[in-house]
>>> print(open('run24.cif').read())   # mmCIF, C-alpha atoms; chains and numbers go by the auth columns
data_protein
loop_
_atom_site.group_PDB
_atom_site.id
_atom_site.type_symbol
_atom_site.label_atom_id
_atom_site.label_comp_id
_atom_site.label_asym_id
_atom_site.label_seq_id
_atom_site.Cartn_x
_atom_site.Cartn_y
_atom_site.Cartn_z
_atom_site.B_iso_or_equiv
_atom_site.auth_seq_id
_atom_site.auth_asym_id
ATOM 1 C CA MET A 1 2.538 -10.697 15.173 0.00 1308 A
ATOM 2 C CA ARG A 2 1.744 -8.261 17.904 0.00 1309 A
ATOM 3 C CA ASP A 3 5.453 -7.800 18.560 0.00 1310 A
ATOM 4 C CA ILE A 4 6.472 -7.605 14.896 0.00 1311 A
ATOM 5 C CA LEU A 5 3.988 -4.803 14.324 0.00 1312 A
ATOM 6 C CA ASP A 6 4.078 -3.250 17.778 0.00 1313 A
ATOM 7 C CA ALA A 7 0.315 -3.663 17.531 0.00 1314 A
ATOM 8 C CA GLU A 8 -2.494 -3.018 19.940 0.00 1315 A
ATOM 9 C CA ILE A 9 -5.233 -5.633 20.162 0.00 1316 A
ATOM 10 C CA ILE A 10 -8.636 -4.001 19.974 0.00 1317 A
ATOM 11 C CA VAL A 11 -10.894 -7.033 19.603 0.00 1318 A
ATOM 12 C CA GLY A 12 -10.141 -10.688 20.264 0.00 1319 A
ATOM 13 C CA GLU A 13 -7.557 -10.712 23.043 0.00 1320 A
ATOM 14 C CA ASP A 14 -8.671 -14.276 23.781 0.00 1321 A
ATOM 15 C CA CYS A 15 -8.460 -15.742 20.262 0.00 1322 A
ATOM 16 C CA LEU A 16 -5.108 -14.578 18.995 0.00 1323 A
ATOM 17 C CA ASP A 17 -3.135 -17.808 19.072 0.00 1324 A
ATOM 18 C CA LEU A 18 -4.283 -18.411 15.509 0.00 1325 A
ATOM 19 C CA GLU A 19 -1.821 -19.448 12.834 0.00 1326 A
ATOM 20 C CA VAL A 20 -1.741 -17.529 9.560 0.00 1327 A
ATOM 21 C CA HIS A 21 0.360 -17.969 6.445 0.00 1328 A
ATOM 22 C CA THR A 22 -1.163 -15.489 4.006 0.00 1329 A
ATOM 23 C CA ALA A 23 -2.354 -11.893 3.885 0.00 1330 A
ATOM 24 C CA PHE A 24 -4.057 -9.375 1.617 0.00 1331 A
ATOM 25 C CA GLY A 25 -3.818 -5.613 1.897 0.00 1332 A
ATOM 26 C CA ALA A 26 -6.169 -3.034 0.356 0.00 1333 A
ATOM 27 C CA ASP A 27 -8.444 -0.140 1.188 0.00 1334 A
ATOM 28 C CA LEU A 28 -10.835 -1.176 -1.526 0.00 1335 A
ATOM 29 C CA MET A 29 -13.278 -3.767 -0.174 0.00 1336 A
ATOM 30 C CA SER A 30 -14.346 -4.607 -3.744 0.00 1337 A
ATOM 31 C CA ASP A 31 -10.822 -5.892 -4.386 0.00 1338 A
ATOM 32 C CA VAL A 32 -10.670 -7.666 -1.032 0.00 1339 A
ATOM 33 C CA LEU A 33 -13.845 -9.533 -1.982 0.00 1340 A
ATOM 34 C CA ALA A 34 -12.404 -10.448 -5.364 0.00 1341 A
ATOM 35 C CA PHE A 35 -9.004 -11.658 -4.204 0.00 1342 A
ATOM 36 C CA ALA A 36 -8.629 -12.398 -0.484 0.00 1343 A
ATOM 37 C CA LYS A 37 -8.558 -16.046 0.552 0.00 1344 A
ATOM 38 C CA ALA A 38 -10.097 -17.687 3.615 0.00 1345 A
ATOM 39 C CA GLY A 39 -7.844 -17.742 6.678 0.00 1346 A
ATOM 40 C CA SER A 40 -5.759 -14.750 5.538 0.00 1347 A
ATOM 41 C CA LEU A 41 -4.950 -11.561 7.387 0.00 1348 A
ATOM 42 C CA LEU A 42 -6.582 -8.400 6.059 0.00 1349 A
ATOM 43 C CA LEU A 43 -4.391 -5.282 6.167 0.00 1350 A
ATOM 44 C CA THR A 44 -6.383 -2.097 5.639 0.00 1351 A
ATOM 45 C CA GLY A 45 -6.735 1.542 6.561 0.00 1352 A
ATOM 46 C CA LEU A 46 -10.530 1.512 6.356 0.00 1353 A
ATOM 47 C CA THR A 47 -12.340 1.275 9.680 0.00 1354 A
ATOM 48 C CA ASN A 48 -16.065 1.225 8.903 0.00 1355 A
ATOM 49 C CA THR A 49 -18.418 -1.662 9.658 0.00 1356 A
ATOM 50 C CA GLN A 50 -18.254 -2.892 6.056 0.00 1357 A
ATOM 51 C CA VAL A 51 -14.647 -3.951 6.692 0.00 1358 A
ATOM 52 C CA ILE A 52 -15.954 -6.346 9.355 0.00 1359 A
ATOM 53 C CA ARG A 53 -18.790 -7.580 7.100 0.00 1360 A
ATOM 54 C CA THR A 54 -16.266 -8.140 4.307 0.00 1361 A
ATOM 55 C CA ALA A 55 -13.915 -10.031 6.639 0.00 1362 A
ATOM 56 C CA ASN A 56 -16.833 -12.108 7.879 0.00 1363 A
ATOM 57 C CA VAL A 57 -18.057 -13.276 4.471 0.00 1364 A
ATOM 58 C CA LEU A 58 -14.490 -14.138 3.435 0.00 1365 A
ATOM 59 C CA ASP A 59 -13.550 -16.000 6.653 0.00 1366 A
ATOM 60 C CA ILE A 60 -10.642 -13.614 7.250 0.00 1367 A
ATOM 61 C CA ALA A 61 -8.535 -14.707 10.255 0.00 1368 A
ATOM 62 C CA ALA A 62 -7.876 -11.216 11.620 0.00 1369 A
ATOM 63 C CA ILE A 63 -7.929 -7.563 10.567 0.00 1370 A
ATOM 64 C CA ILE A 64 -4.854 -5.370 10.962 0.00 1371 A
ATOM 65 C CA LEU A 65 -5.618 -1.671 10.797 0.00 1372 A
ATOM 66 C CA VAL A 66 -2.604 0.249 9.532 0.00 1373 A
ATOM 67 C CA ARG A 67 -1.435 3.877 9.864 0.00 1374 A
ATOM 68 C CA GLY A 68 -2.665 3.957 13.464 0.00 1375 A
ATOM 69 C CA LYS A 69 -6.344 3.851 12.498 0.00 1376 A
ATOM 70 C CA LYS A 70 -8.822 3.266 15.300 0.00 1377 A
ATOM 71 C CA PRO A 71 -12.207 1.682 14.615 0.00 1378 A
ATOM 72 C CA SER A 72 -15.499 3.258 15.692 0.00 1379 A
ATOM 73 C CA SER A 73 -17.439 1.764 18.585 0.00 1380 A
ATOM 74 C CA GLU A 74 -19.924 0.352 16.048 0.00 1381 A
ATOM 75 C CA THR A 75 -17.121 -1.425 14.203 0.00 1382 A
ATOM 76 C CA ILE A 76 -15.720 -2.806 17.476 0.00 1383 A
ATOM 77 C CA ALA A 77 -19.152 -4.071 18.550 0.00 1384 A
ATOM 78 C CA LEU A 78 -19.731 -5.850 15.241 0.00 1385 A
ATOM 79 C CA ALA A 79 -16.266 -7.426 15.257 0.00 1386 A
ATOM 80 C CA SER A 80 -16.841 -8.701 18.796 0.00 1387 A
ATOM 81 C CA GLU A 81 -20.220 -10.128 17.815 0.00 1388 A
ATOM 82 C CA LEU A 82 -18.795 -11.893 14.762 0.00 1389 A
ATOM 83 C CA LYS A 83 -15.625 -12.886 16.659 0.00 1390 A
ATOM 84 C CA ILE A 84 -13.196 -11.265 14.240 0.00 1391 A
ATOM 85 C CA PRO A 85 -9.959 -10.070 15.891 0.00 1392 A
ATOM 86 C CA ILE A 86 -8.829 -6.502 15.172 0.00 1393 A
ATOM 87 C CA LEU A 87 -5.313 -5.210 15.759 0.00 1394 A
ATOM 88 C CA THR A 88 -4.075 -1.717 15.085 0.00 1395 A
ATOM 89 C CA THR A 89 -0.535 -0.747 14.192 0.00 1396 A
ATOM 90 C CA LYS A 90 1.092 2.618 13.650 0.00 1397 A
ATOM 91 C CA TYR A 91 3.114 1.243 10.745 0.00 1398 A
ATOM 92 C CA ILE A 92 1.983 2.220 7.258 0.00 1399 A
ATOM 93 C CA LEU A 93 0.554 -0.432 4.928 0.00 1400 A
ATOM 94 C CA PHE A 94 3.836 -0.919 3.047 0.00 1401 A
ATOM 95 C CA GLU A 95 5.868 -1.295 6.234 0.00 1402 A
ATOM 96 C CA THR A 96 3.277 -3.590 7.853 0.00 1403 A
ATOM 97 C CA ALA A 97 3.255 -5.866 4.807 0.00 1404 A
ATOM 98 C CA GLY A 98 7.072 -5.906 4.638 0.00 1405 A
ATOM 99 C CA ARG A 99 7.448 -6.799 8.294 0.00 1406 A
ATOM 100 C CA LEU A 100 4.987 -9.678 7.978 0.00 1407 A
ATOM 101 C CA TYR A 101 6.607 -10.855 4.730 0.00 1408 A
ATOM 102 C CA MET A 102 10.008 -11.014 6.437 0.00 1409 A
ATOM 103 C CA LYS A 103 8.443 -13.371 8.977 0.00 1410 A
ATOM 104 C CA GLY A 104 7.237 -15.715 6.238 0.00 1411 A
ATOM 105 C CA ILE A 105 3.701 -14.488 5.625 0.00 1412 A
ATOM 106 C CA VAL A 106 3.032 -14.268 1.899 0.00 1413 A
ATOM 107 C CA GLY A 107 0.296 -12.721 -0.217 0.00 1414 A
ATOM 108 C CA CYS A 108 -2.813 -14.852 -0.666 0.00 1415 A
ATOM 109 C CA LEU A 109 -2.008 -14.469 -4.338 0.00 1416 A
ATOM 110 C CA SER A 110 1.106 -12.848 -5.785 0.00 1417 A
ATOM 111 C CA LYS A 111 -0.256 -11.628 -9.110 0.00 1418 A
ATOM 112 C CA VAL A 112 -3.704 -11.253 -10.566 0.00 1419 A
ATOM 113 C CA GLU A 113 -4.501 -13.158 -13.726 0.00 1420 A
ATOM 114 C CA ASN A 114 -4.624 -11.247 -16.988 0.00 1421 A
ATOM 115 C CA THR A 115 -7.779 -9.234 -17.027 0.00 1422 A
ATOM 116 C CA SER A 116 -9.349 -6.909 -19.501 0.00 1423 A
ATOM 117 C CA GLY A 117 -10.637 -3.507 -18.583 0.00 1424 A
ATOM 118 C CA ARG A 118 -9.222 -3.469 -15.051 0.00 1425 A
ATOM 119 C CA THR A 119 -8.762 0.107 -13.941 0.00 1426 A
ATOM 120 C CA MET B 1 -34.789 -34.893 -15.306 0.00 721 B
ATOM 121 C CA GLY B 2 -37.350 -36.741 -13.164 0.00 722 B
ATOM 122 C CA GLU B 3 -39.635 -35.193 -10.603 0.00 723 B
ATOM 123 C CA PRO B 4 -38.657 -31.919 -8.957 0.00 724 B
ATOM 124 C CA LYS B 5 -36.828 -32.562 -5.727 0.00 725 B
ATOM 125 C CA PRO B 6 -38.029 -30.912 -2.548 0.00 726 B
ATOM 126 C CA ASN B 7 -36.135 -27.976 -1.128 0.00 727 B
ATOM 127 C CA LEU B 8 -34.275 -28.533 2.103 0.00 728 B
ATOM 128 C CA TYR B 9 -34.597 -24.945 3.190 0.00 729 B
ATOM 129 C CA SER B 10 -35.978 -21.652 1.974 0.00 730 B
ATOM 130 C CA GLU B 11 -36.205 -18.206 3.465 0.00 731 B
ATOM 131 C CA SER B 12 -36.777 -14.646 2.277 0.00 732 B
ATOM 132 C CA PHE B 13 -35.057 -11.516 3.528 0.00 733 B
ATOM 133 C CA HIS B 14 -35.637 -7.820 2.965 0.00 734 B
ATOM 134 C CA ILE B 15 -33.064 -5.132 2.282 0.00 735 B
ATOM 135 C CA GLU B 16 -33.714 -1.425 2.613 0.00 736 B
ATOM 136 C CA GLY B 17 -32.042 0.727 -0.028 0.00 737 B
ATOM 137 C CA GLY B 18 -29.776 3.573 1.074 0.00 738 B
ATOM 138 C CA ASN B 19 -29.118 2.093 4.489 0.00 739 B
ATOM 139 C CA PHE B 20 -25.366 1.511 4.362 0.00 740 B
ATOM 140 C CA ASN B 21 -25.117 0.374 7.959 0.00 741 B
ATOM 141 C CA SER B 22 -27.447 -2.537 7.279 0.00 742 B
ATOM 142 C CA ALA B 23 -25.506 -3.844 4.271 0.00 743 B
ATOM 143 C CA GLY B 24 -24.170 -7.259 5.176 0.00 744 B
ATOM 144 C CA ILE B 25 -26.847 -8.289 7.657 0.00 745 B
ATOM 145 C CA VAL B 26 -28.589 -10.575 5.161 0.00 746 B
ATOM 146 C CA SER B 27 -25.386 -12.225 3.967 0.00 747 B
ATOM 147 C CA THR B 28 -24.285 -12.772 7.568 0.00 748 B
ATOM 148 C CA SER B 29 -27.635 -14.543 8.199 0.00 749 B
ATOM 149 C CA ILE B 30 -27.321 -16.594 5.022 0.00 750 B
ATOM 150 C CA LYS B 31 -23.827 -17.628 6.064 0.00 751 B
ATOM 151 C CA SER B 32 -24.933 -18.856 9.475 0.00 752 B
ATOM 152 C CA ILE B 33 -27.999 -20.656 8.054 0.00 753 B
ATOM 153 C CA LEU B 34 -25.890 -22.529 5.481 0.00 754 B
ATOM 154 C CA LYS B 35 -23.293 -23.415 8.120 0.00 755 B
ATOM 155 C CA LYS B 36 -26.011 -24.860 10.363 0.00 756 B
ATOM 156 C CA LEU B 37 -27.328 -26.902 7.426 0.00 757 B
ATOM 157 C CA GLY B 38 -23.891 -28.500 7.176 0.00 758 B
ATOM 158 C CA ILE B 39 -23.025 -26.983 3.761 0.00 759 B
ATOM 159 C CA PRO B 40 -19.225 -27.176 3.170 0.00 760 B
ATOM 160 C CA GLY B 41 -17.217 -24.085 4.152 0.00 761 B
ATOM 161 C CA ASP B 42 -16.068 -23.105 0.653 0.00 762 B
ATOM 162 C CA ILE B 43 -19.653 -23.192 -0.642 0.00 763 B
ATOM 163 C CA VAL B 44 -20.883 -21.149 2.336 0.00 764 B
ATOM 164 C CA ARG B 45 -18.156 -18.625 1.616 0.00 765 B
ATOM 165 C CA LYS B 46 -19.176 -18.284 -2.057 0.00 766 B
ATOM 166 C CA ALA B 47 -22.840 -17.843 -1.103 0.00 767 B
ATOM 167 C CA ALA B 48 -21.893 -15.234 1.511 0.00 768 B
ATOM 168 C CA ILE B 49 -19.753 -13.296 -0.985 0.00 769 B
ATOM 169 C CA VAL B 50 -22.378 -13.196 -3.742 0.00 770 B
ATOM 170 C CA SER B 51 -25.155 -12.197 -1.356 0.00 771 B
ATOM 171 C CA TYR B 52 -22.966 -9.528 0.241 0.00 772 B
ATOM 172 C CA GLU B 53 -22.027 -7.992 -3.125 0.00 773 B
ATOM 173 C CA ALA B 54 -25.709 -8.007 -4.056 0.00 774 B
ATOM 174 C CA GLU B 55 -26.603 -6.307 -0.765 0.00 775 B
ATOM 175 C CA ILE B 56 -24.030 -3.599 -1.405 0.00 776 B
ATOM 176 C CA ASN B 57 -25.616 -3.022 -4.830 0.00 777 B
ATOM 177 C CA VAL B 58 -29.092 -2.800 -3.320 0.00 778 B
ATOM 178 C CA VAL B 59 -28.161 -0.281 -0.622 0.00 779 B
ATOM 179 C CA SER B 60 -26.213 1.694 -3.212 0.00 780 B
ATOM 180 C CA TYR B 61 -28.681 1.833 -6.075 0.00 781 B
ATOM 181 C CA ALA B 62 -32.131 0.487 -5.185 0.00 782 B
ATOM 182 C CA LYS B 63 -35.089 1.451 -2.999 0.00 783 B
ATOM 183 C CA LYS B 64 -35.551 -1.993 -1.523 0.00 784 B
ATOM 184 C CA ALA B 65 -35.131 -5.646 -2.353 0.00 785 B
ATOM 185 C CA VAL B 66 -36.204 -9.146 -1.502 0.00 786 B
ATOM 186 C CA VAL B 67 -33.587 -11.874 -1.217 0.00 787 B
ATOM 187 C CA ASN B 68 -34.761 -15.462 -1.611 0.00 788 B
ATOM 188 C CA LEU B 69 -32.473 -18.181 -0.335 0.00 789 B
ATOM 189 C CA THR B 70 -33.275 -21.727 -1.425 0.00 790 B
ATOM 190 C CA VAL B 71 -31.239 -24.765 -0.524 0.00 791 B
ATOM 191 C CA GLY B 72 -32.059 -27.851 -2.537 0.00 792 B
ATOM 192 C CA PRO B 73 -30.270 -31.145 -3.066 0.00 793 B
ATOM 193 C CA GLY B 74 -26.891 -30.275 -4.569 0.00 794 B
ATOM 194 C CA VAL B 75 -27.603 -26.586 -4.923 0.00 795 B
ATOM 195 C CA VAL B 76 -27.822 -23.234 -3.155 0.00 796 B
ATOM 196 C CA ARG B 77 -29.866 -20.597 -4.963 0.00 797 B
ATOM 197 C CA ILE B 78 -29.870 -16.907 -4.131 0.00 798 B
ATOM 198 C CA GLU B 79 -32.243 -14.572 -5.878 0.00 799 B
ATOM 199 C CA VAL B 80 -32.205 -10.808 -5.377 0.00 800 B
ATOM 200 C CA ILE B 81 -35.152 -8.818 -6.720 0.00 801 B
ATOM 201 C CA ASP B 82 -34.877 -5.085 -6.247 0.00 802 B
ATOM 202 C CA GLU B 83 -37.084 -2.096 -6.920 0.00 803 B
ATOM 203 C CA GLY B 84 -34.933 0.735 -8.121 0.00 804 B
ATOM 204 C CA GLN B 85 -33.342 2.575 -10.963 0.00 805 B
ATOM 205 C CA GLY B 86 -32.375 -0.551 -12.915 0.00 806 B
ATOM 206 C CA ILE B 87 -29.361 -0.924 -15.193 0.00 807 B
ATOM 207 C CA PRO B 88 -29.529 0.732 -18.645 0.00 808 B
ATOM 208 C CA ASN B 89 -26.694 -1.306 -20.170 0.00 809 B
ATOM 209 C CA ILE B 90 -26.027 -4.686 -18.561 0.00 810 B
ATOM 210 C CA ASP B 91 -23.011 -5.495 -20.763 0.00 811 B
ATOM 211 C CA LEU B 92 -21.372 -2.286 -19.622 0.00 812 B
ATOM 212 C CA ALA B 93 -22.322 -2.881 -15.965 0.00 813 B
ATOM 213 C CA MET B 94 -20.765 -6.349 -16.153 0.00 814 B
ATOM 214 C CA GLN B 95 -17.449 -4.894 -17.322 0.00 815 B
ATOM 215 C CA GLU B 96 -14.815 -4.980 -14.628 0.00 816 B
ATOM 216 C CA GLY B 97 -13.999 -1.445 -13.540 0.00 817 B
ATOM 217 C CA TYR B 98 -17.194 0.154 -14.855 0.00 818 B
ATOM 218 C CA SER B 99 -19.003 1.969 -12.068 0.00 819 B
ATOM 219 C CA THR B 100 -21.535 4.712 -11.504 0.00 820 B
ATOM 220 C CA ALA B 101 -20.886 4.829 -7.746 0.00 821 B
ATOM 221 C CA ASP B 102 -21.004 8.114 -5.877 0.00 822 B
ATOM 222 C CA GLN B 103 -18.591 9.364 -3.223 0.00 823 B
ATOM 223 C CA ARG B 104 -20.560 7.814 -0.349 0.00 824 B
ATOM 224 C CA ILE B 105 -20.291 4.323 -1.827 0.00 825 B
ATOM 225 C CA ARG B 106 -16.585 4.791 -2.514 0.00 826 B
ATOM 226 C CA GLU B 107 -15.917 5.953 1.032 0.00 827 B
ATOM 227 C CA MET B 108 -17.287 2.634 2.260 0.00 828 B
ATOM 228 C CA GLY B 109 -14.640 0.871 0.171 0.00 829 B
ATOM 229 C CA PHE B 110 -16.907 -0.087 -2.719 0.00 830 B
ATOM 230 C CA GLY B 111 -17.901 1.205 -6.127 0.00 831 B
ATOM 231 C CA ALA B 112 -14.855 -0.027 -8.012 0.00 832 B
ATOM 232 C CA GLY B 113 -16.959 -1.720 -10.653 0.00 833 B
ATOM 233 C CA MET B 114 -16.199 -5.209 -9.377 0.00 834 B
ATOM 234 C CA GLY B 115 -19.488 -6.224 -7.761 0.00 835 B
ATOM 235 C CA LEU B 116 -21.367 -7.886 -10.608 0.00 836 B
ATOM 236 C CA CYS B 117 -18.153 -9.509 -11.915 0.00 837 B
ATOM 237 C CA ASN B 118 -17.469 -10.912 -8.472 0.00 838 B
ATOM 238 C CA ILE B 119 -21.005 -12.235 -8.207 0.00 839 B
ATOM 239 C CA LYS B 120 -20.635 -13.932 -11.584 0.00 840 B
ATOM 240 C CA ASN B 121 -17.192 -15.335 -10.751 0.00 841 B
ATOM 241 C CA TYR B 122 -18.271 -16.843 -7.430 0.00 842 B
ATOM 242 C CA SER B 123 -21.501 -18.321 -8.875 0.00 843 B
ATOM 243 C CA ASP B 124 -21.712 -21.526 -10.887 0.00 844 B
ATOM 244 C CA ASP B 125 -24.611 -20.026 -12.764 0.00 845 B
ATOM 245 C CA PHE B 126 -25.586 -16.360 -12.946 0.00 846 B
ATOM 246 C CA HIS B 127 -28.535 -14.576 -14.557 0.00 847 B
ATOM 247 C CA ILE B 128 -29.272 -10.886 -14.603 0.00 848 B
ATOM 248 C CA GLU B 129 -32.279 -9.016 -15.911 0.00 849 B
ATOM 249 C CA SER B 130 -32.971 -5.357 -15.463 0.00 850 B
ATOM 250 C CA GLU B 131 -35.516 -2.768 -16.457 0.00 851 B
ATOM 251 C CA VAL B 132 -34.703 0.920 -16.211 0.00 852 B
ATOM 252 C CA GLY B 133 -36.951 2.646 -13.714 0.00 853 B
ATOM 253 C CA LYS B 134 -38.230 -0.645 -12.294 0.00 854 B
ATOM 254 C CA GLY B 135 -35.393 -2.710 -10.928 0.00 855 B
ATOM 255 C CA THR B 136 -32.942 -5.537 -11.276 0.00 856 B
ATOM 256 C CA HIS B 137 -33.329 -9.275 -10.810 0.00 857 B
ATOM 257 C CA LEU B 138 -30.289 -11.438 -10.043 0.00 858 B
ATOM 258 C CA LYS B 139 -30.292 -15.227 -9.879 0.00 859 B
ATOM 259 C CA MET B 140 -27.235 -17.000 -8.569 0.00 860 B
ATOM 260 C CA THR B 141 -26.744 -20.738 -8.335 0.00 861 B
ATOM 261 C CA ILE B 142 -23.941 -22.405 -6.416 0.00 862 B
ATOM 262 C CA GLN B 143 -23.540 -26.147 -6.624 0.00 863 B
ATOM 263 C CA THR B 144 -22.923 -28.199 -3.506 0.00 864 B
ATOM 264 C CA PRO B 145 -21.318 -31.655 -3.455 0.00 865 B
#
>>> encode(input="run24.cif", output="structure tokens")
Amino acid sequence: MRDILDAEIIVGEDCLDLEVHTAFGADLMSDVLAFAKAGSLLLTGLTNTQVIRTANVLDIAAIILVRGKKPSSETIALASELKIPILTTKYILFETAGRLYMKGIVGCLSKVENTSGRT
Amino acid sequence: MGEPKPNLYSESFHIEGGNFNSAGIVSTSIKSILKKLGIPGDIVRKAAIVSYEAEINVVSYAKKAVVNLTVGPGVVRIEVIDEGQGIPNIDLAMQEGYSTADQRIREMGFGAGMGLCNIKNYSDDFHIESEVGKGTHLKMTIQTP
């Protein structure tokens, strides 16, 4: 994964031999909470501590920050405490997702169910 | 129904409104408590999600809140009682996409009008009561095997 995305590991150098099959990408944590599945990768451009809290409650395997985003020291400290790996890549969200998809990682769902009032 | 069964565990937590950095501390504690009690992972995850969404609501809209966690035989209950502005129209607030969030909430990645829907969807039973100017009371029940 690190090679596919030319990524830099920010947290979790020691726990990155994990196996993942699914991913979810969004900057809206509300949607991440609604749709992301346990054990998935989270692709996002948000870097605040709530991204780590969100990943923690959902049992996200690792966070990939896109568009070259760097987390704050607070975010890094919380991720280390909760043992959630963070990688950062300079690729944009679309490109990051495409590169992972080509390697066999799929969305943790492909379509949402019919909903009313979704904006 | 028989006699009431004893609770296996109960604990109360406090949340301070407006403190965005603290949002998630209570749900992280609830998650680790339930894990230690040997509750299955998917149930722990549901409980963590509903309590986290509720925490986000409290820091966003209320002055403060008490969260009561109760683990009984076959059930995890989470109750969130806040003191705050309350919800004028619960039906509207429960609609996916309806939100009154300000810029600060949105910058954190929230305020998309999904919170209460998510809480309802991840709970087996969900009750909400609210009084404008006083606060909101949420009761979530998640069944365990």
>>> residues_around(input="run24.cif", residues="Phe1401 in chain A", least_positions_apart="6", cutoff="10 Å", atoms="only C-alpha atoms", output="PDB file with C-alpha atoms, in the coordinates of the input")
ATOM      1  CA  GLY A1332      -3.818  -5.613   1.897  1.00  0.00           C
ATOM      2  CA  LEU A1350      -4.391  -5.282   6.167  1.00  0.00           C
ATOM      3  CA  VAL A1373      -2.604   0.249   9.532  1.00  0.00           C
ATOM      4  CA  ARG A1374      -1.435   3.877   9.864  1.00  0.00           C
TER       5      ARG A1374
END
>>> axis_aligned_box(input="run24.cif", around="range 1408-1413 of chain A", padding_each_side="6 Å", output="lines of an AutoDock Vina configuration file")
center_x = 6.5
center_y = -13.3
center_z = 5.4
size_x = 19.0
size_y = 16.9
size_z = 19.1
>>> residues_around(input="run24.cif", residues="Ser732 in chain B", least_positions_apart="2", cutoff="8 Å", atoms="only C-alpha atoms", output="PyMOL selection string")
chain B and resi 730+734+786-789
>>> closest_atom_pairs(input="run24.cif", of="chain A", to="chain B", cutoff="12 Å", atoms="all atoms listed in the file", output="CSV")
residue,atom,partner,partner_atom,distance
A:Ala1333,CA,B:Gly829,CA,9.3
A:Asp1334,CA,B:Gly829,CA,6.4
A:Leu1335,CA,B:Gly829,CA,4.6
A:Met1336,CA,B:Gly829,CA,4.8
A:Ser1337,CA,B:Phe830,CA,5.3
A:Asp1338,CA,B:Met834,CA,7.4
A:Val1339,CA,B:Gly829,CA,9.5
A:Leu1340,CA,B:Ile769,CA,7.1
A:Ala1341,CA,B:Asn838,CA,6.0
A:Phe1342,CA,B:Asn838,CA,9.5
A:Ala1343,CA,B:Ile769,CA,11.2
A:Lys1344,CA,B:Arg765,CA,10.0
A:Ala1345,CA,B:Arg765,CA,8.4
A:Gly1346,CA,B:Asp762,CA,11.5
A:Thr1351,CA,B:Gly829,CA,10.3
A:Gly1352,CA,B:Gly829,CA,10.2
A:Leu1353,CA,B:Gly829,CA,7.5
A:Thr1354,CA,B:Met828,CA,9.0
A:Asn1355,CA,B:Met828,CA,6.9
A:Thr1356,CA,B:Asn741,CA,7.2
A:Gln1357,CA,B:Met828,CA,6.8
A:Val1358,CA,B:Gly829,CA,8.1
A:Ile1359,CA,B:Gly744,CA,9.3
A:Arg1360,CA,B:Gly744,CA,5.7
A:Thr1361,CA,B:Tyr772,CA,8.0
A:Ala1362,CA,B:Ile769,CA,10.1
A:Asn1363,CA,B:Thr748,CA,7.5
A:Val1364,CA,B:Ala768,CA,5.2
A:Leu1365,CA,B:Arg765,CA,6.1
A:Asp1366,CA,B:Arg765,CA,7.3
A:Ile1367,CA,B:Arg765,CA,10.6
A:Glu1381,CA,B:Asn741,CA,9.6
A:Thr1382,CA,B:Asn741,CA,10.3
A:Leu1385,CA,B:Ile745,CA,10.7
A:Glu1388,CA,B:Thr748,CA,11.3
A:Leu1389,CA,B:Thr748,CA,9.1
A:Thr1422,CA,B:Glu816,CA,8.6
A:Ser1423,CA,B:Glu816,CA,7.6
A:Gly1424,CA,B:Glu816,CA,5.9
A:Arg1425,CA,B:Gly817,CA,5.4
A:Thr1426,CA,B:Gly817,CA,5.5
>>> atom_distance(input="run24.cif", atom1="CA of Lys840 in chain B", atom2="CA of Lys756 in chain B")
25.1 Å
>>> atom_distance(input="run24.cif", atom1="CA of Val796 in chain B", atom2="CA of Glu849 in chain B")
19.6 Å
>>> resolve_selection(input="run24.cif", expression="the PyMOL selection byres ((chain A and resi 1375) around 10)", output="PyMOL selection string")
chain A and resi 1314-1315+1352+1371-1374+1376-1378+1394-1399
>>> residues_near_point(input="run24.cif", point="(-34.9, -8.3, -17.0)", cutoff="12 Å", atoms="only C-alpha atoms", output="number ranges by chain")
B: 801-802, 806-810, 847-859
>>> write_last_selection(input="run24.cif", atoms="C-alpha atoms", output="PDB file, keeping the file's coordinate frame")
ATOM      1  CA  ILE B 801     -35.152  -8.818  -6.720  1.00  0.00           C
ATOM      2  CA  ASP B 802     -34.877  -5.085  -6.247  1.00  0.00           C
ATOM      3  CA  GLY B 806     -32.375  -0.551 -12.915  1.00  0.00           C
ATOM      4  CA  ILE B 807     -29.361  -0.924 -15.193  1.00  0.00           C
ATOM      5  CA  PRO B 808     -29.529   0.732 -18.645  1.00  0.00           C
ATOM      6  CA  ASN B 809     -26.694  -1.306 -20.170  1.00  0.00           C
ATOM      7  CA  ILE B 810     -26.027  -4.686 -18.561  1.00  0.00           C
ATOM      8  CA  HIS B 847     -28.535 -14.576 -14.557  1.00  0.00           C
ATOM      9  CA  ILE B 848     -29.272 -10.886 -14.603  1.00  0.00           C
ATOM     10  CA  GLU B 849     -32.279  -9.016 -15.911  1.00  0.00           C
ATOM     11  CA  SER B 850     -32.971  -5.357 -15.463  1.00  0.00           C
ATOM     12  CA  GLU B 851     -35.516  -2.768 -16.457  1.00  0.00           C
ATOM     13  CA  VAL B 852     -34.703   0.920 -16.211  1.00  0.00           C
ATOM     14  CA  GLY B 853     -36.951   2.646 -13.714  1.00  0.00           C
ATOM     15  CA  LYS B 854     -38.230  -0.645 -12.294  1.00  0.00           C
ATOM     16  CA  GLY B 855     -35.393  -2.710 -10.928  1.00  0.00           C
ATOM     17  CA  THR B 856     -32.942  -5.537 -11.276  1.00  0.00           C
ATOM     18  CA  HIS B 857     -33.329  -9.275 -10.810  1.00  0.00           C
ATOM     19  CA  LEU B 858     -30.289 -11.438 -10.043  1.00  0.00           C
ATOM     20  CA  LYS B 859     -30.292 -15.227  -9.879  1.00  0.00           C
TER      21      LYS B 859
END
>>> atom_distance(input="run24.cif", atom1="CA of Val1318 in chain A", atom2="CA of Ala1386 in chain A")
6.9 Å
>>> closest_residue(input="run24.cif", among="A:Ser1387, A:Ser1417, A:Ser1347, A:Ser1380", to="His1328 in chain A", atoms="all atoms listed in the file")
A:Ser1347
